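Note: the block below is input05.cif and it holds mmCIF, C-alpha atoms (C1' of nucleotides).
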```cif
data_data
loop_
_atom_site.label_atom_id
_atom_site.label_comp_id
_atom_site.auth_asym_id
_atom_site.auth_seq_id
_atom_site.Cartn_x
_atom_site.Cartn_y
_atom_site.Cartn_z
CA MET W 122 -52.40 41.37 46.12
CA LEU W 123 -50.49 44.62 45.64
CA SER W 124 -52.35 47.87 45.00
CA LYS W 125 -51.63 49.83 41.86
CA SER W 126 -50.01 52.42 44.08
CA SER W 127 -47.49 49.87 45.33
CA LYS W 128 -46.80 48.60 41.84
CA TYR W 129 -46.20 52.10 40.55
CA ALA W 130 -44.09 52.88 43.61
CA ILE W 131 -41.81 49.88 43.15
CA ARG W 132 -41.20 50.66 39.51
CA ALA W 133 -40.63 54.36 40.17
CA VAL W 134 -38.21 53.66 43.00
CA LEU W 135 -36.24 51.23 40.87
CA TYR W 136 -36.20 53.82 38.10
CA LEU W 137 -34.77 56.38 40.48
CA ALA W 138 -32.25 53.84 41.78
CA LEU W 139 -31.10 53.32 38.23
CA HIS W 140 -30.90 56.92 37.06
CA SER W 141 -30.95 59.40 39.91
CA SER W 142 -28.41 60.84 42.31
CA VAL W 143 -28.04 64.04 44.32
CA GLU W 144 -26.77 65.67 41.16
CA LYS W 145 -29.48 64.25 38.90
CA LYS W 146 -33.01 64.58 40.20
CA TYR W 147 -36.27 63.70 38.49
CA SER W 148 -39.73 65.24 38.36
CA PRO W 149 -42.82 63.03 38.62
CA ILE W 150 -43.51 63.82 34.97
CA GLU W 151 -40.15 62.53 33.81
CA ILE W 152 -40.48 59.31 35.76
CA ALA W 153 -44.10 58.81 34.77
CA ASP W 154 -43.22 59.27 31.11
CA ALA W 155 -40.34 56.83 31.38
CA ILE W 156 -42.31 53.98 32.94
CA ASP W 157 -45.71 54.87 31.46
CA ILE W 158 -47.89 55.60 34.46
CA PRO W 159 -50.09 58.62 35.32
CA ALA W 160 -47.93 61.51 36.48
CA PRO W 161 -50.17 63.27 39.03
CA PHE W 162 -50.93 59.98 40.70
CA LEU W 163 -47.26 59.15 40.83
CA ALA W 164 -46.55 62.57 42.33
CA LYS W 165 -48.74 61.65 45.29
CA ILE W 166 -47.00 58.34 45.71
CA LEU W 167 -43.58 59.96 45.63
CA GLN W 168 -44.64 62.48 48.25
CA SER W 169 -45.77 59.67 50.48
CA LEU W 170 -42.51 57.75 50.01
CA THR W 171 -40.59 60.91 50.77
CA LYS W 172 -42.45 61.37 54.03
CA ASP W 173 -41.45 57.85 55.02
CA ASP W 174 -37.85 58.61 54.07
CA ILE W 175 -37.71 55.87 51.46
CA ILE W 176 -36.82 58.28 48.70
CA SER W 177 -35.39 61.82 48.87
CA SER W 178 -36.60 65.09 47.43
CA ILE W 179 -35.56 68.69 47.18
CA ARG W 180 -38.04 71.32 46.20
CA GLY W 181 -37.71 74.54 44.35
CA ARG W 182 -35.84 75.21 41.18
CA ASN W 183 -33.54 72.37 40.18
CA GLY W 184 -35.28 70.23 42.72
CA GLY W 185 -36.77 66.81 42.18
CA PHE W 186 -36.84 63.27 43.49
CA TYR W 187 -33.76 61.10 43.88
CA LEU W 188 -32.21 58.32 45.91
CA THR W 189 -29.29 58.69 48.26
CA LYS W 190 -26.83 55.85 48.80
CA LYS W 191 -28.59 55.22 52.07
CA ASN W 192 -31.96 55.09 50.34
CA LYS W 193 -30.62 52.52 47.89
CA LYS W 194 -29.48 50.21 50.66
CA ASN W 195 -33.01 49.76 51.95
CA PRO W 196 -34.84 46.54 51.13
CA LEU W 197 -37.53 46.95 48.53
CA ILE W 198 -40.17 45.73 50.93
CA LEU W 199 -40.09 49.11 52.65
CA VAL W 200 -41.81 50.51 49.60
CA VAL W 201 -44.69 48.05 49.85
CA ASN W 202 -44.82 48.52 53.57
CA SER W 203 -45.06 52.28 53.18
CA ILE W 204 -47.84 52.21 50.59
CA ASP W 205 -49.91 49.10 51.31
CA GLY W 206 -48.63 47.86 54.65
CA LEU W 207 -47.09 44.46 55.26
CA HIS W 208 -50.40 42.84 56.13
CA LYS W 209 -50.86 42.42 52.37
CA PHE W 210 -48.38 39.57 52.59
CA HIS W 211 -50.04 37.96 55.54
CA GLU W 212 -53.63 38.07 54.44
CA CYS W 213 -55.49 34.90 53.51
CA LEU W 214 -55.99 34.63 49.78
CA LEU W 215 -59.62 33.68 50.38
CA GLY W 216 -60.10 36.62 52.75
CA LEU W 217 -60.63 34.47 55.83
CA PRO W 218 -59.91 36.24 59.12
CA VAL W 219 -58.28 33.09 60.49
CA CYS W 220 -55.89 31.25 58.19
CA SER W 221 -52.66 29.78 59.45
CA ASP W 222 -50.63 26.60 59.29
CA GLU W 223 -52.74 25.35 62.19
CA ASN W 224 -56.05 26.55 60.75
CA PRO W 225 -55.57 26.64 57.01
CA CYS W 226 -58.04 27.66 54.33
CA PRO W 227 -58.45 25.22 51.45
CA ILE W 228 -55.62 26.76 49.42
CA HIS W 229 -53.38 27.85 52.28
CA HIS W 230 -50.66 25.29 51.75
CA ALA W 231 -50.41 26.17 48.07
CA VAL W 232 -50.18 29.85 48.87
CA SER W 233 -48.32 30.17 52.13
CA PRO W 234 -44.79 29.12 51.08
CA PHE W 235 -44.83 31.61 48.27
CA LYS W 236 -46.02 34.54 50.29
CA LYS W 237 -43.14 33.76 52.60
CA GLN W 238 -40.68 33.48 49.75
CA LEU W 239 -41.86 36.68 48.13
CA GLU W 240 -41.71 38.56 51.40
CA ALA W 241 -38.22 37.17 52.03
CA GLU W 242 -37.11 38.14 48.55
CA LEU W 243 -38.30 41.71 49.00
CA SER W 244 -36.88 41.88 52.51
CA ASN W 245 -33.46 40.52 51.65
CA LYS W 246 -32.78 42.21 48.36
CA SER W 247 -31.97 45.91 48.51
CA ILE W 248 -33.31 48.47 46.08
CA ASP W 249 -29.74 48.76 44.86
CA THR W 250 -29.41 45.04 44.18
CA LEU W 251 -32.68 44.82 42.32
CA SER W 252 -31.96 47.93 40.28
CA LYS W 253 -28.62 46.46 39.24
CA GLU W 254 -30.41 43.41 37.88
CA VAL W 255 -32.41 45.85 35.78
CA SER W 256 -29.32 47.71 34.56
CA GLU W 257 -27.70 44.38 33.68
CA GLY W 258 -30.69 43.57 31.51
CA LYS W 259 -31.70 40.61 33.64
CA THR W 260 -35.04 42.19 34.50
CA HIS W 261 -37.01 45.22 33.41
CA ILE W 262 -39.40 47.82 34.81
CA PHE W 263 -40.92 49.18 31.65
CA LEU W 264 -41.50 46.90 28.68
CA MET S 69 -54.94 38.97 43.29
CA LEU S 70 -58.43 37.52 43.59
CA SER S 71 -61.44 39.81 43.74
CA LYS S 72 -63.74 39.64 46.73
CA SER S 73 -66.32 38.15 44.41
CA SER S 74 -64.02 35.23 43.63
CA LYS S 75 -63.16 34.73 47.27
CA TYR S 76 -66.81 34.67 48.26
CA ALA S 77 -67.58 32.41 45.32
CA ILE S 78 -64.96 29.82 46.25
CA ARG S 79 -66.14 29.64 49.83
CA ALA S 80 -69.80 29.50 48.87
CA VAL S 81 -69.20 26.74 46.33
CA LEU S 82 -67.26 24.68 48.84
CA TYR S 83 -70.05 25.25 51.33
CA LEU S 84 -72.56 23.93 48.83
CA ALA S 85 -70.28 20.99 48.00
CA LEU S 86 -70.24 20.11 51.68
CA HIS S 87 -73.91 20.50 52.49
CA SER S 88 -76.11 20.58 49.41
CA SER S 89 -77.68 18.04 47.09
CA VAL S 90 -80.71 17.89 44.81
CA GLU S 91 -82.77 17.13 47.89
CA LYS S 92 -81.22 19.84 50.05
CA LYS S 93 -80.93 23.26 48.43
CA TYR S 94 -79.77 26.50 49.96
CA SER S 95 -80.84 30.12 49.67
CA PRO S 96 -78.20 32.86 49.37
CA ILE S 97 -79.19 33.99 52.86
CA GLU S 98 -78.48 30.62 54.41
CA ILE S 99 -75.09 30.37 52.76
CA ALA S 100 -74.20 33.98 53.50
CA ASP S 101 -75.08 33.51 57.15
CA ALA S 102 -73.03 30.34 57.36
CA ILE S 103 -69.84 31.77 55.93
CA ASP S 104 -70.39 35.39 57.02
CA ILE S 105 -70.57 37.34 53.81
CA PRO S 106 -73.18 39.82 52.48
CA ALA S 107 -76.23 37.93 51.23
CA PRO S 108 -77.45 40.13 48.34
CA PHE S 109 -73.95 40.31 46.96
CA LEU S 110 -73.60 36.57 47.19
CA ALA S 111 -76.95 36.17 45.44
CA LYS S 112 -75.50 37.94 42.42
CA ILE S 113 -72.41 35.77 42.46
CA LEU S 114 -74.48 32.59 42.66
CA GLN S 115 -76.61 33.70 39.74
CA SER S 116 -73.50 34.27 37.70
CA LEU S 117 -72.07 30.85 38.61
CA THR S 118 -75.38 29.27 37.70
CA LYS S 119 -75.30 30.86 34.26
CA ASP S 120 -71.86 29.33 33.71
CA ASP S 121 -73.18 25.96 34.87
CA ILE S 122 -70.73 25.72 37.75
CA ILE S 123 -73.48 25.41 40.31
CA SER S 124 -77.12 24.45 39.92
CA SER S 125 -80.32 26.18 40.93
CA ILE S 126 -84.02 25.64 40.88
CA ARG S 127 -86.38 28.52 41.35
CA GLY S 128 -89.81 28.77 42.81
CA ARG S 129 -91.00 27.30 46.05
CA ASN S 130 -88.57 24.78 47.59
CA GLY S 131 -85.97 26.01 45.14
CA GLY S 132 -82.45 27.07 45.92
CA PHE S 133 -78.84 26.54 44.99
CA TYR S 134 -77.07 23.21 45.08
CA LEU S 135 -74.36 21.13 43.46
CA THR S 136 -74.92 18.06 41.33
CA LYS S 137 -72.40 15.24 41.29
CA LYS S 138 -71.23 16.57 37.96
CA ASN S 139 -70.80 20.06 39.41
CA LYS S 140 -68.68 18.63 42.21
CA LYS S 141 -66.31 16.96 39.80
CA ASN S 142 -65.28 20.27 38.27
CA PRO S 143 -61.92 21.74 39.25
CA LEU S 144 -62.20 24.71 41.58
CA ILE S 145 -60.44 26.94 39.09
CA LEU S 146 -63.64 27.12 37.05
CA VAL S 147 -65.05 29.28 39.80
CA VAL S 148 -62.22 31.80 39.56
CA ASN S 149 -62.35 31.63 35.80
CA SER S 150 -66.06 32.37 35.80
CA ILE S 151 -65.83 35.37 38.14
CA ASP S 152 -62.43 36.95 37.57
CA GLY S 153 -61.10 35.21 34.50
CA LEU S 154 -57.90 33.20 34.35
CA HIS S 155 -55.76 36.19 33.38
CA LYS S 156 -55.65 36.96 37.10
CA PHE S 157 -53.15 34.14 37.37
CA HIS S 158 -51.09 35.27 34.45
CA GLU S 159 -50.79 38.95 35.21
CA CYS S 160 -47.50 40.46 36.28
CA LEU S 161 -47.47 41.28 39.97
CA LEU S 162 -46.00 44.69 39.14
CA GLY S 163 -48.64 45.30 36.49
CA LEU S 164 -46.20 45.24 33.58
CA PRO S 165 -47.78 44.42 30.21
CA VAL S 166 -44.76 42.28 29.30
CA CYS S 167 -43.46 39.92 31.97
CA SER S 168 -42.33 36.41 31.15
CA ASP S 169 -39.46 34.03 31.80
CA GLU S 170 -37.72 35.68 28.85
CA ASN S 171 -38.58 39.23 29.85
CA PRO S 172 -39.06 39.13 33.60
CA CYS S 173 -39.95 41.97 35.95
CA PRO S 174 -37.71 42.37 39.01
CA ILE S 175 -39.80 39.98 41.11
CA HIS S 176 -40.91 37.61 38.37
CA HIS S 177 -38.82 34.64 39.42
CA ALA S 178 -40.03 34.91 43.00
CA VAL S 179 -43.63 35.07 41.86
CA SER S 180 -43.91 32.91 38.78
CA PRO S 181 -43.56 29.46 40.39
CA PHE S 182 -46.17 30.47 42.92
CA LYS S 183 -48.73 31.44 40.30
CA LYS S 184 -48.07 28.24 38.41
CA GLN S 185 -48.42 26.01 41.44
CA LEU S 186 -51.54 27.75 42.62
CA GLU S 187 -53.13 27.50 39.20
CA ALA S 188 -52.14 23.83 39.00
CA GLU S 189 -53.57 23.19 42.44
CA LEU S 190 -56.89 24.76 41.53
CA SER S 191 -56.94 23.04 38.15
CA ASN S 192 -56.12 19.58 39.45
CA LYS S 193 -58.18 19.43 42.59
CA SER S 194 -61.91 19.08 42.15
CA ILE S 195 -64.48 20.95 44.18
CA ASP S 196 -65.34 17.58 45.65
CA THR S 197 -61.77 16.84 46.73
CA LEU S 198 -61.28 20.22 48.33
CA SER S 199 -64.63 20.09 50.11
CA LYS S 200 -63.70 16.72 51.55
CA GLU S 201 -60.58 18.23 53.06
CA VAL S 202 -62.90 20.70 54.74
CA SER S 203 -65.25 18.02 56.02
CA GLU S 204 -62.26 16.07 57.37
CA GLY S 205 -61.24 19.14 59.35
CA LYS S 206 -58.00 19.56 57.44
CA THR S 207 -59.03 22.98 56.15
CA HIS S 208 -61.85 25.41 56.79
CA ILE S 209 -63.97 27.96 54.93
CA PHE S 210 -65.37 29.95 57.79
CA LEU S 211 -63.31 30.49 60.92
"C1'" DA U 246 -35.96 91.33 45.62
"C1'" DA U 247 -38.37 89.23 41.81
"C1'" DA U 248 -39.16 85.54 38.76
"C1'" DA U 249 -39.07 80.86 37.65
"C1'" DT U 250 -39.36 76.16 38.86
"C1'" DT U 251 -40.31 72.52 41.56
"C1'" DT U 252 -42.24 69.65 45.55
"C1'" DA U 253 -46.08 69.64 49.32
"C1'" DA U 254 -50.63 69.51 50.64
"C1'" DG U 255 -55.29 69.42 50.27
"C1'" DA U 256 -59.49 69.35 47.58
"C1'" DT U 257 -61.93 67.25 43.98
"C1'" DA U 258 -63.26 63.94 40.43
"C1'" DA U 259 -63.57 59.63 37.94
"C1'" DA U 260 -63.66 54.74 37.79
"C1'" DA U 261 -64.00 50.29 39.60
"C1'" DT U 262 -65.57 47.31 42.97
"C1'" DT U 263 -68.66 45.94 46.35
"C1'" DA U 264 -73.24 45.99 48.13
"C1'" DT U 265 -78.29 46.58 48.11
"C1'" DC U 266 -82.94 47.03 46.45
"C1'" DT U 267 -86.96 46.35 43.54
"C1'" DT U 268 -89.45 44.11 40.26
"C1'" DC U 269 -90.27 40.08 37.54
"C1'" DA U 270 -90.54 35.11 36.38
"C1'" DT U 271 -91.06 30.43 37.99
"C1'" DA U 272 -92.43 26.51 40.60
"C1'" DA U 273 -94.74 24.16 44.36
"C1'" DT U 274 -98.51 24.02 47.62
"C1'" DT U 275 -103.05 24.85 48.95
"C1'" DA R 240 -106.68 29.39 40.37
"C1'" DA R 241 -104.56 31.76 44.21
"C1'" DT R 242 -100.86 32.06 47.36
"C1'" DT R 243 -96.31 31.61 48.71
"C1'" DA R 244 -91.49 30.93 48.21
"C1'" DT R 245 -87.78 31.26 45.59
"C1'" DG R 246 -84.14 32.55 41.89
"C1'" DA R 247 -83.29 36.05 37.79
"C1'" DA R 248 -82.53 40.43 36.17
"C1'" DG R 249 -81.88 45.06 36.24
"C1'" DA R 250 -81.49 49.45 38.65
"C1'" DT R 251 -79.38 51.92 42.25
"C1'" DA R 252 -76.22 53.08 45.98
"C1'" DA R 253 -72.08 53.02 48.82
"C1'" DT R 254 -67.29 52.43 49.22
"C1'" DT R 255 -62.68 52.13 47.80
"C1'" DT R 256 -59.21 52.93 44.69
"C1'" DT R 257 -57.27 55.50 41.23
"C1'" DA R 258 -56.52 59.87 39.10
"C1'" DT R 259 -56.46 64.95 38.68
"C1'" DC R 260 -56.44 69.77 39.89
"C1'" DT R 261 -55.41 73.91 42.53
"C1'" DT R 262 -53.01 76.51 45.69
"C1'" DA R 263 -49.15 77.03 48.83
"C1'" DA R 264 -44.35 76.68 50.21
"C1'" DA R 265 -39.56 76.35 49.12
"C1'" DT R 266 -35.31 76.99 46.54
"C1'" DT R 267 -32.45 78.66 42.85
"C1'" DT R 268 -31.37 81.94 39.40
"C1'" DT R 269 -31.42 86.39 37.67
#
```

Mind turning the file's structure into structure tokens?
Amino acid sequence: MLSKSSKYAIRAVLYLALHSSVEKKYSPIEIADAIDIPAPFLAKILQSLTKDDIISSIRGRNGGFYLTKKNKKNPLILVVNSIDGLHKFHECLLGLPVCSDENPCPIHHAVSPFKKQLEAELSNKSIDTLSKEVSEGKTHIFL
Amino acid sequence: MLSKSSKYAIRAVLYLALHSSVEKKYSPIEIADAIDIPAPFLAKILQSLTKDDIISSIRGRNGGFYLTKKNKKNPLILVVNSIDGLHKFHECLLGLPVCSDENPCPIHHAVSPFKKQLEAELSNKSIDTLSKEVSEGKTHIFL
DNA sequence: AAAATTTAAGATAAAATTATCTTCATAATT
DNA sequence: AATTATGAAGATAATTTTATCTTAAATTTT
């Protein structure tokens, strides 16, 4: 459903939301080490997110990746949208080109409500909110 | 979430459930044409399903693939299990090695009920039942 | 201004998935 | 028995995704 890139991206963004600020920036290597994913691959993902203004970066000495307050207020779904595109949430689980409430595939009604709920969840909850659940120990991004 | 192989497999099996019998067998080409997927790839998938005794085949002249009554009584999840393995339903959507009700990832609670219901749906409904919904026009495997 | 450090960008490589092809074995028909 | 039609099996190829590497540009520190 989600590409590895999106999965890595979500975890990295939440990591940055938890730990970074304008004063404390992170290199791809630091983040990759912390959440156990390949660093050069993550670097590419972070670049892409930066271009879409979902995370922030400063280059040169003492540079790195970080999240501004504004960045943190964005819904997490922007991350998925940037990497995979939102169509991932709308695609038929059986790969049928036509699959809707009117013309459902055999498992549509078991799948559809949850795609909607997941999309809503990611659209309504900000990066900030979700990262706070991590800092409170309710959820995790590493274990 | 599901591989293309699994998606093709589900549709092909439901197609066979709808149309085939010991008297009326189908070649991979016929099925592939009917549901618009690549025939040689489907041939491989059908062979694999045959080995796992989820569908039936007879080779040689007038041979082909078909479903016995027994085959049709199986739950559809056997198809996914045979091709992808059931772990597909149990994996964390963020790819975390540990993700459970006790140790949830940030989107676990939005995802978990969905995976459970979908797995239940595929486990409880037989190939026969689901194919009947197709023949009644309630769902479709091609459009 | 030079050196050091860090992201940006583009090229390349490896791995996994999807797709095809070729040869072989089997069964029915003639 | 020969021919024909069909699935089985294994080899190969194409594509996509994932991962890495190299060079360039930018910024800070010295």

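Residues in contact with DA264 (chain R) at up to 12 Å, not including ones fewer than 4 positions away on its chain and judged by all atoms listed in the file, are W:Arg180, W:Gly181, U:DT251, U:DT252, U:DA253, U:DA254.
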
For this session: Would you kindly translate the PyMOL selection byres ((chain S) within 7 of (chain W)) into the concrete residues it picks from this file, as a list in words?
Result: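 On this input, the PyMOL selection byres ((chain S) within 7 of (chain W)) captures Met69, Lys75, Leu162, Gly163, Leu164, Pro165, Val166, Asn171, Pro172, Cys173, Pro174, Ala178, Val179, Phe182, Gln185, Leu186, Leu198, Thr207, His208, Ile209, Phe210 and Leu211 of chain S.
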
Exercise. C1' of DT274 (chain U) and C1' of DT242 (chain R) are how many Å apart?
Worked result: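 The value is 8.4 Å.
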
For this session: Return the neighbours of chain R among the residues of chain W, cut-off 10 Å, counting all atoms listed in the file, as a list of chain:residue names.
Result: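 Every residue meeting the condition is included here: W:Ser124, W:Lys125, W:Ser126, W:Pro159, W:Ala160, W:Pro161, W:Phe162, W:Leu163, W:Ile179, W:Arg180, W:Gly181, W:Arg182, W:Asn183, W:Gly184.
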
Give me the residues of chain U that have any atom at most 8 Å from an atom of chain S; for each, the nearest atom pair and the distance in Å, rounded to one decimal. Use only C-alpha atoms (C1' of nucleotides), sort by chain and number, and format it as CSV.
```
residue,atom,partner,partner_atom,distance
U:DT263,C1',S:Phe109,CA,7.7
U:DA264,C1',S:Phe109,CA,5.8
U:DT265,C1',S:Pro108,CA,6.5
U:DT271,C1',S:Gly128,CA,5.2
U:DA272,C1',S:Gly128,CA,4.1
U:DA273,C1',S:Arg129,CA,5.2
```

Exercise. What is the CA of Ala155 (chain W)-CA of Phe210 (chain W) distance in Å, reported with one decimal?
Worked result: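 Those two atoms sit 28.5 Å apart.
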
Exercise. Residues at most 12 Å from Thr118 (chain S), counting all atoms listed in the file, excluding those fewer than 4 positions away in the same chain, as a ChimeraX atom specification?
Worked result: /S:77,81,111-114,122-127,132-136,139,146-147,150-151 /R:246-247

Seminar exercise, completed: Taken to one decimal, the CA of His158 (chain S)-CA of Lys141 (chain S) distance is 24.4 Å

Axis-aligned box over every listed atom of region 163-168 of chain S, padded by 6 Å per side: centre and edges in Å to one decimal, as AutoDock Vina command-line options?
```
--center_x -45.5 --center_y 40.9 --center_z 32.9 --size_x 18.3 --size_y 20.9 --size_z 19.2
```
